[in-house]
$ cat query.tsv   # TSV, C-alpha atoms and all ligand atoms
chain	number	residue	atom	x	y	z
A	1	MET	CA	0.00	0.00	0.00
A	2	THR	CA	1.29	3.43	-0.90
A	3	GLU	CA	0.89	6.37	1.43
A	4	ALA	CA	-2.04	7.64	-0.67
A	5	ALA	CA	-3.75	4.22	-0.44
A	6	ARG	CA	-3.47	4.37	3.34
A	7	GLN	CA	-5.46	7.63	3.35
A	8	PHE	CA	-8.43	5.66	1.98
A	9	VAL	CA	-8.12	2.22	3.63
A	10	THR	CA	-6.14	1.08	6.63
A	11	PRO	CA	-3.51	-1.66	6.25
A	12	LEU	CA	-5.43	-3.60	8.93
A	13	SER	CA	-8.56	-3.74	6.71
A	14	LEU	CA	-6.59	-5.19	3.81
A	15	GLN	CA	-4.73	-7.56	6.12
A	16	VAL	CA	-8.04	-8.94	7.39
A	17	ALA	CA	-9.58	-9.10	3.89
A	18	SER	CA	-6.53	-10.82	2.35
A	19	GLN	CA	-5.62	-12.93	5.40
A	20	ASP	CA	-2.05	-11.96	4.55
A	21	ARG	CA	0.62	-9.51	5.50
A	22	VAL	CA	0.39	-5.98	4.12
A	23	TYR	CA	3.59	-4.09	3.27
A	24	THR	CA	3.59	-0.31	3.40
A	25	SER	CA	7.12	1.01	3.73
A	26	LEU	CA	10.39	0.66	1.92
A	27	PHE	CA	12.28	0.43	5.19
A	28	GLU	CA	10.13	-1.85	7.40
A	29	GLU	CA	11.97	-4.84	5.95
A	30	PRO	CA	15.14	-3.66	4.21
A	31	MET	CA	15.16	-6.06	1.24
A	32	ALA	CA	11.38	-6.37	0.67
A	33	HIS	CA	11.65	-4.45	-2.62
A	34	ILE	CA	13.83	-7.28	-3.98
A	35	SER	CA	12.45	-10.34	-2.17
A	36	LEU	CA	8.71	-9.69	-2.75
A	37	PRO	CA	8.93	-9.25	-6.55
A	38	ALA	CA	11.29	-12.24	-6.81
A	39	LYS	CA	8.54	-14.50	-5.41
A	40	ALA	CA	5.74	-13.19	-7.65
A	41	ASP	CA	4.48	-14.44	-11.04
A	42	VAL	CA	2.50	-11.30	-11.72
A	43	MET	CA	2.43	-7.78	-10.26
A	44	VAL	CA	-0.87	-5.86	-10.23
A	45	VAL	CA	-1.19	-2.18	-9.35
A	46	ALA	CA	-4.86	-1.55	-8.55
A	47	PRO	CA	-5.95	1.17	-8.36
A	48	ALA	CA	-3.11	2.92	-10.22
A	49	THR	CA	-3.21	6.69	-9.70
A	50	ALA	CA	-1.84	9.26	-12.16
A	51	ASN	CA	1.07	9.81	-9.75
A	52	THR	CA	2.02	6.11	-9.55
A	53	ILE	CA	1.64	5.73	-13.33
A	54	ALA	CA	4.03	8.66	-13.85
A	55	LYS	CA	6.56	7.23	-11.40
A	56	LEU	CA	6.48	3.79	-13.02
A	57	ALA	CA	6.84	5.27	-16.52
A	58	LEU	CA	9.86	7.33	-15.48
A	59	GLY	CA	11.54	4.86	-13.15
A	60	ILE	CA	11.18	7.00	-10.04
A	61	ALA	CA	11.76	4.77	-7.03
A	62	ASP	CA	10.75	6.57	-3.85
A	63	ASP	CA	8.47	4.07	-2.09
A	64	LEU	CA	8.02	0.30	-1.78
A	65	LEU	CA	5.63	0.00	-4.76
A	66	SER	CA	7.79	1.92	-7.24
A	67	THR	CA	11.00	0.16	-6.16
A	68	CYS	CA	9.30	-3.24	-6.44
A	69	PHE	CA	8.30	-2.31	-10.00
A	70	LEU	CA	11.93	-1.72	-10.95
A	71	SER	CA	13.18	-5.03	-9.60
A	72	PHE	CA	10.22	-7.07	-10.88
A	73	GLN	CA	10.83	-9.14	-14.01
A	74	GLY	CA	7.45	-10.90	-14.53
A	75	LYS	CA	4.11	-9.90	-16.04
A	76	MET	CA	2.75	-6.53	-14.94
A	77	ILE	CA	-0.87	-5.29	-14.90
A	78	ILE	CA	-2.15	-1.82	-14.05
A	79	ALA	CA	-5.74	-0.76	-13.38
A	80	PRO	CA	-5.81	3.05	-13.67
A	81	SER	CA	-8.28	5.03	-11.56
A	82	MET	CA	-8.66	8.80	-11.57
A	83	ASN	CA	-10.90	11.71	-12.52
A	84	TRP	CA	-11.87	11.60	-16.23
A	85	LYS	CA	-10.14	14.90	-17.01
A	86	MET	CA	-6.93	13.60	-15.47
A	87	TYR	CA	-7.27	10.38	-17.49
A	88	GLU	CA	-7.62	12.44	-20.68
A	89	ASN	CA	-4.54	14.50	-19.80
A	90	ARG	CA	-1.75	14.28	-22.37
A	91	THR	CA	0.99	13.54	-19.85
A	92	VAL	CA	-1.02	10.70	-18.31
A	93	ARG	CA	-1.69	9.27	-21.78
A	94	LYS	CA	2.00	9.51	-22.68
A	95	ASN	CA	2.98	7.71	-19.48
A	96	LEU	CA	0.41	4.96	-20.14
A	97	ASP	CA	1.78	4.57	-23.69
A	98	THR	CA	5.29	4.27	-22.23
A	99	LEU	CA	4.13	1.54	-19.83
A	100	ALA	CA	2.33	-0.28	-22.68
A	101	SER	CA	5.59	-0.19	-24.68
A	102	PHE	CA	7.27	-1.93	-21.71
A	103	GLY	CA	4.68	-4.74	-22.02
A	104	VAL	CA	2.58	-3.62	-19.04
A	105	LEU	CA	-1.05	-4.71	-19.57
A	106	GLN	CA	-3.66	-2.03	-18.82
A	107	VAL	CA	-7.14	-3.03	-17.60
A	108	GLY	CA	-9.85	-0.34	-17.66
A	109	PRO	CA	-10.65	2.30	-16.60
A	110	GLU	CA	-14.41	2.14	-17.08
A	111	ALA	CA	-17.02	4.83	-17.62
A	112	GLY	CA	-19.43	5.66	-14.83
A	113	ALA	CA	-19.85	7.65	-11.61
A	114	LEU	CA	-16.48	8.76	-10.20
A	115	ALA	CA	-15.44	9.34	-6.59
A	116	CYS	CA	-15.39	13.11	-7.22
A	117	GLY	CA	-19.12	13.04	-8.07
A	118	GLU	CA	-18.55	13.55	-11.80
A	119	GLU	CA	-19.40	11.07	-14.56
A	120	GLY	CA	-16.77	9.91	-17.02
A	121	THR	CA	-14.11	7.35	-17.87
A	122	GLY	CA	-11.89	6.85	-14.85
A	123	ARG	CA	-13.40	4.16	-12.63
A	124	MET	CA	-11.10	1.30	-11.75
A	125	ALA	CA	-11.93	-1.87	-13.73
A	126	GLU	CA	-14.13	-4.34	-11.86
A	127	PRO	CA	-12.11	-6.81	-9.71
A	128	ALA	CA	-13.53	-9.69	-11.82
A	129	ASP	CA	-12.03	-8.10	-14.95
A	130	ILE	CA	-8.66	-7.60	-13.22
A	131	LEU	CA	-8.74	-11.26	-12.17
A	132	GLU	CA	-9.49	-12.22	-15.78
A	133	ALA	CA	-6.45	-10.22	-16.94
A	134	ILE	CA	-4.27	-12.01	-14.36
A	135	ARG	CA	-5.50	-15.38	-15.55
A	136	SER	CA	-4.94	-14.36	-19.16
A	137	VAL	CA	-1.28	-13.30	-18.70
A	138	LEU	CA	-0.50	-16.46	-16.72
A	139	THR	CA	-2.06	-18.90	-19.22
A	140	PRO	CA	0.38	-20.75	-21.54
A	141	LYS	CA	-0.29	-19.78	-25.18
A	142	ASP	CA	-0.82	-23.29	-26.55
A	143	LEU	CA	-3.40	-22.09	-29.11
A	144	ALA	CA	-1.18	-19.38	-30.64
A	145	GLY	CA	-1.63	-19.31	-34.42
A	146	GLU	CA	-5.20	-20.70	-34.29
A	147	LYS	CA	-8.05	-18.60	-35.68
A	148	ILE	CA	-11.16	-19.68	-33.80
A	149	VAL	CA	-14.71	-18.62	-34.64
A	150	ILE	CA	-17.15	-19.18	-31.77
A	151	THR	CA	-20.92	-18.67	-31.76
A	152	ALA	CA	-22.87	-18.07	-28.56
A	153	GLY	CA	-26.30	-17.29	-27.19
A	154	PRO	CA	-29.78	-17.66	-28.66
A	155	THR	CA	-31.16	-16.28	-31.91
A	156	ARG	CA	-34.44	-14.43	-32.31
A	157	GLU	CA	-36.88	-15.19	-35.10
A	158	TYR	CA	-39.34	-12.33	-35.57
A	159	LEU	CA	-43.01	-12.67	-36.46
A	160	ASP	CA	-43.50	-8.92	-36.46
A	161	PRO	CA	-41.37	-5.92	-35.40
A	162	VAL	CA	-42.03	-6.49	-31.67
A	163	ARG	CA	-42.47	-10.25	-31.23
A	164	PHE	CA	-40.07	-13.10	-31.69
A	165	ILE	CA	-39.42	-16.80	-30.94
A	166	SER	CA	-36.25	-17.55	-29.01
A	167	ASN	CA	-34.87	-19.93	-26.36
A	168	ARG	CA	-33.35	-19.91	-22.88
A	169	SER	CA	-29.68	-19.79	-23.89
A	170	SER	CA	-27.71	-17.16	-21.91
A	171	GLY	CA	-24.51	-17.32	-23.96
A	172	LYS	CA	-22.44	-18.32	-20.90
A	173	MET	CA	-20.88	-21.47	-22.44
A	174	GLY	CA	-19.92	-19.73	-25.71
A	175	TYR	CA	-18.50	-16.67	-23.91
A	176	ALA	CA	-16.47	-18.95	-21.61
A	177	LEU	CA	-15.07	-20.72	-24.68
A	178	ALA	CA	-14.18	-17.38	-26.27
A	179	ARG	CA	-12.38	-16.19	-23.13
A	180	ALA	CA	-10.54	-19.49	-22.65
A	181	ALA	CA	-9.41	-19.62	-26.31
A	182	ARG	CA	-8.27	-15.98	-26.15
A	183	ASP	CA	-6.35	-16.59	-22.91
A	184	ARG	CA	-4.58	-19.53	-24.62
A	185	GLY	CA	-3.34	-17.27	-27.44
A	186	ALA	CA	-5.91	-17.92	-30.20
A	187	GLU	CA	-7.22	-15.16	-32.42
A	188	VAL	CA	-10.93	-15.29	-31.56
A	189	THR	CA	-14.06	-14.05	-33.34
A	190	LEU	CA	-17.13	-14.27	-31.11
A	191	ILE	CA	-20.44	-14.19	-32.96
A	192	SER	CA	-23.19	-13.69	-30.43
A	193	GLY	CA	-26.95	-13.62	-30.41
A	194	PRO	CA	-28.66	-11.30	-27.87
A	195	SER	CA	-27.05	-11.84	-24.43
A	196	CYS	CA	-26.82	-9.86	-21.18
A	197	LEU	CA	-23.17	-10.85	-20.78
A	198	LYS	CA	-20.40	-8.29	-20.99
A	199	LYS	CA	-18.49	-8.32	-24.27
A	200	PRO	CA	-15.08	-9.83	-23.50
A	201	ASP	CA	-11.95	-7.78	-24.29
A	202	GLY	CA	-9.22	-8.85	-26.67
A	203	LEU	CA	-11.32	-10.50	-29.38
A	204	ALA	CA	-13.36	-9.60	-32.47
A	205	PHE	CA	-17.05	-9.39	-31.60
A	206	VAL	CA	-20.00	-9.61	-34.02
A	207	GLY	CA	-23.49	-9.11	-32.59
A	208	VAL	CA	-26.38	-10.75	-34.50
A	209	GLU	CA	-30.07	-11.40	-33.87
A	210	THR	CA	-31.52	-13.96	-36.26
A	211	ALA	CA	-30.33	-17.40	-37.44
A	212	SER	CA	-29.84	-16.10	-40.95
A	213	GLU	CA	-27.74	-13.16	-39.68
A	214	MET	CA	-25.69	-15.63	-37.64
A	215	ARG	CA	-25.19	-17.85	-40.68
A	216	LYS	CA	-23.94	-14.92	-42.76
A	217	ALA	CA	-21.55	-13.81	-40.00
A	218	VAL	CA	-20.20	-17.37	-39.53
A	219	VAL	CA	-19.63	-17.93	-43.26
A	220	GLU	CA	-17.82	-14.58	-43.51
A	221	ALA	CA	-15.67	-15.18	-40.42
A	222	VAL	CA	-14.76	-18.74	-41.47
A	223	ALA	CA	-13.76	-17.49	-44.92
A	224	GLY	CA	-11.07	-15.42	-43.17
A	225	ARG	CA	-9.11	-18.70	-42.90
A	226	ALA	CA	-10.49	-19.91	-39.56
A	227	THR	CA	-8.84	-23.08	-38.27
A	228	VAL	CA	-11.64	-23.97	-35.82
A	229	LEU	CA	-15.41	-23.30	-35.66
A	230	ILE	CA	-17.17	-23.85	-32.35
A	231	MET	CA	-20.96	-23.70	-32.61
A	232	ALA	CA	-22.05	-23.14	-29.01
A	233	ALA	CA	-25.02	-20.98	-30.05
A	234	ALA	CA	-28.53	-22.28	-29.49
A	235	VAL	CA	-29.67	-21.41	-32.99
A	236	ALA	CA	-33.47	-21.29	-33.24
A	237	ASP	CA	-34.62	-24.31	-35.23
A	238	PHE	CA	-37.83	-22.71	-36.43
A	239	SER	CA	-38.66	-19.33	-37.85
A	240	PRO	CA	-42.09	-17.83	-38.66
A	241	LYS	CA	-42.88	-18.45	-42.34
A	242	THR	CA	-43.91	-14.84	-42.83
A	243	LYS	CA	-42.74	-11.76	-40.99
A	244	SER	CA	-45.32	-9.00	-40.77
A	245	ALA	CA	-43.90	-5.52	-41.38
A	246	LYS	CA	-46.38	-4.12	-38.82
A	247	LYS	CA	-47.33	-5.33	-35.35
A	248	ILE	CA	-49.92	-8.11	-35.80
A	249	VAL	CA	-53.30	-6.98	-34.44
A	250	LYS	CA	-54.74	-9.28	-31.77
A	251	THR	CA	-57.98	-10.74	-33.04
A	252	GLY	CA	-58.25	-13.94	-31.02
A	253	GLU	CA	-56.69	-17.34	-31.49
A	254	MET	CA	-53.89	-17.51	-34.00
A	255	ALA	CA	-51.94	-20.34	-35.65
A	256	LEU	CA	-48.31	-19.69	-36.45
A	257	ALA	CA	-46.75	-21.35	-39.49
A	258	LEU	CA	-43.04	-22.12	-39.03
A	259	SER	CA	-40.27	-23.17	-41.35
A	260	THR	CA	-36.88	-24.62	-40.33
A	261	THR	CA	-33.87	-22.28	-40.19
A	262	PRO	CA	-30.78	-22.95	-42.33
A	263	ASP	CA	-28.34	-25.32	-40.60
A	264	ILE	CA	-25.25	-23.19	-40.04
A	265	VAL	CA	-22.87	-26.02	-39.17
A	266	SER	CA	-23.78	-27.99	-42.29
A	267	SER	CA	-23.21	-25.02	-44.57
A	268	VAL	CA	-19.62	-24.86	-43.27
A	269	SER	CA	-18.92	-28.60	-42.93
A	270	SER	CA	-19.88	-29.18	-46.58
A	271	GLN	CA	-17.15	-26.80	-47.80
A	272	ALA	CA	-14.03	-28.39	-49.32
A	273	GLU	CA	-11.63	-26.29	-47.24
A	274	ARG	CA	-13.18	-26.36	-43.83
A	275	PRO	CA	-12.07	-25.70	-40.27
A	276	PHE	CA	-12.12	-28.26	-37.44
A	277	ILE	CA	-15.76	-28.15	-36.32
A	278	ILE	CA	-17.01	-28.52	-32.75
A	279	GLY	CA	-20.76	-28.55	-32.15
A	280	PHE	CA	-23.05	-28.80	-29.15
A	281	ALA	CA	-26.02	-31.04	-28.51
A	282	ALA	CA	-28.30	-29.90	-25.71
A	283	GLU	CA	-30.82	-32.62	-24.94
A	284	THR	CA	-33.53	-33.09	-22.33
A	285	GLY	CA	-32.45	-36.53	-21.16
A	286	ARG	CA	-29.36	-38.74	-21.43
A	287	HIS	CA	-29.03	-39.17	-25.16
A	288	PRO	CA	-25.29	-39.24	-25.99
A	289	GLY	CA	-26.11	-41.62	-28.85
A	290	ARG	CA	-28.35	-38.99	-30.40
A	291	ALA	CA	-25.50	-36.46	-30.06
A	292	ALA	CA	-23.03	-38.84	-31.75
A	293	ALA	CA	-25.48	-39.30	-34.64
A	294	LYS	CA	-25.85	-35.53	-34.91
A	295	MET	CA	-22.06	-35.17	-35.13
A	296	LYS	CA	-21.98	-37.64	-38.02
A	297	ASN	CA	-24.97	-36.17	-39.88
A	298	LYS	CA	-23.69	-32.62	-39.65
A	299	LYS	CA	-20.10	-33.75	-40.45
A	300	MET	CA	-18.64	-32.25	-37.27
A	301	ASP	CA	-15.29	-33.37	-35.81
A	302	MET	CA	-16.42	-33.20	-32.20
A	303	ILE	CA	-19.69	-32.71	-30.35
A	304	VAL	CA	-20.28	-31.68	-26.77
A	305	PHE	CA	-23.35	-33.35	-25.29
A	306	ASN	CA	-25.18	-32.08	-22.24
A	307	ASP	CA	-28.46	-32.97	-20.61
A	308	VAL	CA	-30.02	-29.61	-19.75
A	309	THR	CA	-32.37	-31.21	-17.20
A	310	GLU	CA	-29.45	-32.31	-14.97
A	311	PRO	CA	-28.76	-30.09	-11.92
A	312	GLY	CA	-25.81	-27.72	-12.56
A	313	ALA	CA	-25.99	-28.12	-16.34
A	314	GLY	CA	-27.53	-26.21	-19.21
A	315	PHE	CA	-29.17	-22.81	-19.35
A	316	ASP	CA	-28.17	-19.72	-17.42
A	317	VAL	CA	-26.00	-21.46	-14.80
A	318	ASP	CA	-22.24	-20.98	-14.36
A	319	THR	CA	-21.50	-24.71	-14.35
A	320	ASN	CA	-21.98	-27.50	-16.83
A	321	ARG	CA	-21.75	-31.26	-17.00
A	322	VAL	CA	-20.82	-32.53	-20.45
A	323	GLU	CA	-19.65	-35.50	-22.44
A	324	ILE	CA	-17.21	-34.81	-25.27
A	325	ILE	CA	-17.70	-37.11	-28.25
A	326	ASP	CA	-15.28	-37.27	-31.18
A	327	GLY	CA	-13.89	-39.69	-33.73
A	328	LYS	CA	-11.56	-41.21	-31.15
A	329	GLY	CA	-13.90	-41.80	-28.24
A	330	ARG	CA	-16.05	-40.32	-25.49
A	331	THR	CA	-14.90	-38.30	-22.49
A	332	LYS	CA	-17.43	-37.84	-19.69
A	333	LEU	CA	-16.63	-34.91	-17.40
A	334	GLY	CA	-17.94	-34.16	-13.91
A	335	ILE	CA	-19.67	-30.95	-12.92
A	336	MET	CA	-17.34	-27.96	-13.38
A	337	SER	CA	-17.40	-24.24	-14.20
A	338	LYS	CA	-18.16	-23.35	-17.81
A	339	TYR	CA	-14.63	-21.90	-18.10
A	340	GLU	CA	-13.18	-25.26	-16.99
A	341	VAL	CA	-15.46	-27.08	-19.44
A	342	ALA	CA	-14.20	-24.70	-22.15
A	343	ASP	CA	-10.59	-25.55	-21.26
A	344	ALA	CA	-11.36	-29.29	-21.33
A	345	ILE	CA	-12.93	-28.96	-24.82
A	346	LEU	CA	-9.88	-27.03	-26.07
A	347	ASP	CA	-7.51	-29.58	-24.45
A	348	ARG	CA	-9.32	-32.40	-26.24
A	349	PHE	CA	-9.14	-30.48	-29.54
A	350	ILE	CA	-5.33	-30.16	-29.18
A	351	GLU	CA	-5.07	-33.84	-28.22
A	352	ILE	CA	-7.04	-35.31	-31.11
A	353	ARG	CA	-5.70	-32.97	-33.76
A	354	ALA	CA	-2.08	-33.76	-32.83
B	1	LIG	O1	-29.81	-30.32	-34.12
B	1	LIG	P1	-29.37	-29.44	-33.03
B	1	LIG	O2	-29.98	-28.07	-33.09
B	1	LIG	O3	-29.47	-30.04	-31.67
B	1	LIG	O4	-27.78	-29.28	-33.32
B	1	LIG	C1	-27.03	-28.54	-32.46
B	1	LIG	C2	-25.76	-28.04	-33.11
B	1	LIG	O5	-26.02	-27.55	-34.42
B	1	LIG	C3	-25.20	-26.88	-32.32
B	1	LIG	O6	-23.80	-26.89	-32.43
B	1	LIG	C4	-25.84	-25.68	-33.04
B	1	LIG	O7	-25.09	-24.51	-32.84
B	1	LIG	C5	-25.85	-26.14	-34.49
B	1	LIG	N1	-26.95	-25.58	-35.27
B	1	LIG	C6	-26.68	-24.91	-36.44
B	1	LIG	N2	-27.70	-24.36	-37.20
B	1	LIG	C7	-28.98	-24.54	-36.83
B	1	LIG	C8	-29.28	-25.26	-35.65
B	1	LIG	C9	-28.26	-25.76	-34.90
B	1	LIG	O8	-25.51	-24.75	-36.80
B	1	LIG	N3	-29.94	-24.01	-37.58

$ encode --input "query.tsv" --output "structure tokens"
Amino acid sequence: MTEAARQFVTPLSLQVASQDRVYTSLFEEPMAHISLPAKADVMVVAPATANTIAKLALGIADDLLSTCFLSFQGKMIIAPSMNWKMYENRTVRKNLDTLASFGVLQVGPEAGALACGEEGTGRMAEPADILEAIRSVLTPKDLAGEKIVITAGPTREYLDPVRFISNRSSGKMGYALARAARDRGAEVTLISGPSCLKKPDGLAFVGVETASEMRKAVVEAVAGRATVLIMAAAVADFSPKTKSAKKIVKTGEMALALSTTPDIVSSVSSQAERPFIIGFAAETGRHPGRAAAKMKNKKMDMIVFNDVTEPGAGFDVDTNRVEIIDGKGRTKLGIMSKYEVADAILDRFIEIRA
């Protein structure tokens, strides 16, 4: 903690919260500025004030934090936090550019209400986003060179300008795959139907609504020489046969005629030069056989089966319970976070493609 940090929070509070020792002074333990950085894999400065950013950019070493920075040789992350006018200041920007040129990763700041009562860009990034950056810099880049297109979320099929058919998909599995693939060094394009999830950083994002928009976006992204396509989206299977240009007037009972949507996976798997294709099969019941047949029919290389009726699996939860089926066998996984499931799918891809 710097002296400024101690004006806001006491070392005791952070000691209790972290259940760990808090260091505040360069001289309380004479060699701490060498021994602490030597033990660390990653150094995070959060929040990073304009003053600390300037000191780090210039190599000024007048407290424990700035001296640690000079002796530290690992990955470095800063999460700036200041008034929006200060953040827009040319000197601050120049110092941040200098730190970026040293390989320091910047997270945030975000727009919103600031401590000074003003609104603007200057809020420290959310702790969850800082944690994600830490995980990202520490992850081995075993997917470097891969161009991965991932679809996520539901699609909406409109019957008129205000009404649509959709499904319960939240996008969580697809977004977890996108973040995991990005963290492992892949160049990721995430094509997402409507979702409440925050758009992840560090990847190309294409927002779509309907199945036909998703198909167009997938075909375009795959044509950019994608090496892998992961279809995690819950594409609507049916679409109203006609779409009314005006809101349909309620007159009583109504029958809705539906046609099937184009199968996105099949339009890619039938191409001569095609990426490695991973699909999903969400079923209500234990039907891995049905998933395996789907993989064969749609000419996929791997399919991830899950029974959405099982506790801790399926829609809108942070965990999943899946079985990975491919040409070489079946791997049944226990209940785990969707990020861990994503990693297991990517591990299996590396294993069977090798
Ligand atoms: O047949 P089913 O919809 O269960 O197949 C699921 C797999 O096929 C998923 O990977 C899904 O993203 C994909 N799919 C598709 N185009 C559709 C419907 C599903 O690519 N129209």

$ residues_near_ligand --input "query.tsv" --ligand "ligand LIG 1 (chain B)" --cutoff "8 Å" --atoms "all atoms listed in the file" --output "PyMOL selection string"
chain A and resi 151+211+215+230-237+260-266+278-283+291+294+298+303

$ closest_atom_pairs --input "query.tsv" --of "region 2-116 of chain A" --to "region 136-150 of chain A" --cutoff "8 Å" --atoms "only C-alpha atoms" --output "Markdown table"
| residue | atom | partner | partner_atom | distance |
| --- | --- | --- | --- | --- |
| A:Asp41 | CA | A:Leu138 | CA | 7.8 |
| A:Val42 | CA | A:Leu138 | CA | 7.8 |
| A:Lys75 | CA | A:Val137 | CA | 6.9 |

$ atom_distance --input "query.tsv" --atom1 "CA of Gly174 (chain A)" --atom2 "CA of Gly153 (chain A)"
7.0 Å

$ atom_distance --input "query.tsv" --atom1 "CA of Leu58 (chain A)" --atom2 "CA of Met1 (chain A)"
19.8 Å

$ atom_distance --input "query.tsv" --atom1 "CA of Thr309 (chain A)" --atom2 "CA of Thr284 (chain A)"
5.6 Å

$ closest_residue --input "query.tsv" --among "A:Ala152, A:Ile53, A:Ile345, A:Val322" --to "Ala100 (chain A)" --atoms "only C-alpha atoms"
A:Ile53

$ residues_around --input "query.tsv" --residues "Pro109 (chain A)" --least-positions-apart "6" --cutoff "7 Å" --atoms "all atoms listed in the file" --output "JSON, numbers by chain"
{"A": [79, 80, 81, 121, 122, 123, 124, 125]}

$ residues_around --input "query.tsv" --residues "Phe27 (chain A)" --least-positions-apart "2" --cutoff "12 Å" --atoms "all atoms listed in the file" --output "list of chain:residue names"
A:Tyr23, A:Thr24, A:Ser25, A:Glu29, A:Pro30, A:Met31, A:Ala32, A:His33, A:Asp62, A:Asp63, A:Leu64, A:Leu65, A:Thr67

$ write_last_selection --input "query.tsv" --atoms "C-alpha atoms" --output "PDB file, in the coordinates of the input"
ATOM      1  CA  TYR A  23       3.590  -4.090   3.270  1.00  0.00           C
ATOM      2  CA  THR A  24       3.590  -0.310   3.400  1.00  0.00           C
ATOM      3  CA  SER A  25       7.120   1.010   3.730  1.00  0.00           C
ATOM      4  CA  GLU A  29      11.970  -4.840   5.950  1.00  0.00           C
ATOM      5  CA  PRO A  30      15.140  -3.660   4.210  1.00  0.00           C
ATOM      6  CA  MET A  31      15.160  -6.060   1.240  1.00  0.00           C
ATOM      7  CA  ALA A  32      11.380  -6.370   0.670  1.00  0.00           C
ATOM      8  CA  HIS A  33      11.650  -4.450  -2.620  1.00  0.00           C
ATOM      9  CA  ASP A  62      10.750   6.570  -3.850  1.00  0.00           C
ATOM     10  CA  ASP A  63       8.470   4.070  -2.090  1.00  0.00           C
ATOM     11  CA  LEU A  64       8.020   0.300  -1.780  1.00  0.00           C
ATOM     12  CA  LEU A  65       5.630   0.000  -4.760  1.00  0.00           C
ATOM     13  CA  THR A  67      11.000   0.160  -6.160  1.00  0.00           C
TER      14      THR A  67
END

$ closest_residue --input "query.tsv" --among "A:Ala178, A:Tyr158, A:Ala272, A:Met82" --to "Thr242 (chain A)" --atoms "all atoms listed in the file"
A:Tyr158

$ residues_around --input "query.tsv" --residues "Ile34 (chain A)" --least-positions-apart "2" --cutoff "8 Å" --atoms "all atoms listed in the file" --output "ChimeraX atom specification"
/A:31-32,36-38,68,71-72

$ residues_near_point --input "query.tsv" --point "(-2.0, -6.7, -16.8)" --cutoff "6 Å" --atoms "all atoms listed in the file" --output "PDB file with C-alpha atoms, in the frame of the given file"
ATOM      1  CA  MET A  76       2.750  -6.530 -14.940  1.00  0.00           C
ATOM      2  CA  ILE A  77      -0.870  -5.290 -14.900  1.00  0.00           C
ATOM      3  CA  ILE A  78      -2.150  -1.820 -14.050  1.00  0.00           C
ATOM      4  CA  VAL A 104       2.580  -3.620 -19.040  1.00  0.00           C
ATOM      5  CA  LEU A 105      -1.050  -4.710 -19.570  1.00  0.00           C
ATOM      6  CA  GLN A 106      -3.660  -2.030 -18.820  1.00  0.00           C
ATOM      7  CA  ALA A 133      -6.450 -10.220 -16.940  1.00  0.00           C
TER       8      ALA A 133
END

$ closest_residue --input "query.tsv" --among "A:Cys116, A:Ile130, A:Val222, A:Ala57" --to "Thr98 (chain A)" --atoms "all atoms listed in the file"
A:Ala57

$ residues_near_point --input "query.tsv" --point "(-15.8, -34.7, -19.6)" --cutoff "10 Å" --atoms "only C-alpha atoms" --output "number ranges by chain"
A: 304-305, 320-325, 330-336, 341, 344-345, 348

$ closest_residue --input "query.tsv" --among "A:Ser166, A:Leu159, A:Ile277, A:Asp326" --to "Ala292 (chain A)" --atoms "all atoms listed in the file"
A:Asp326

$ closest_residue --input "query.tsv" --among "A:Leu190, A:Met214, A:Val107, A:Lys94" --to "Met173 (chain A)" --atoms "all atoms listed in the file"
A:Leu190

$ closest_residue --input "query.tsv" --among "A:Ser169, A:Lys247, A:Lys216, A:Ala186" --to "Phe315 (chain A)" --atoms "all atoms listed in the file"
A:Ser169
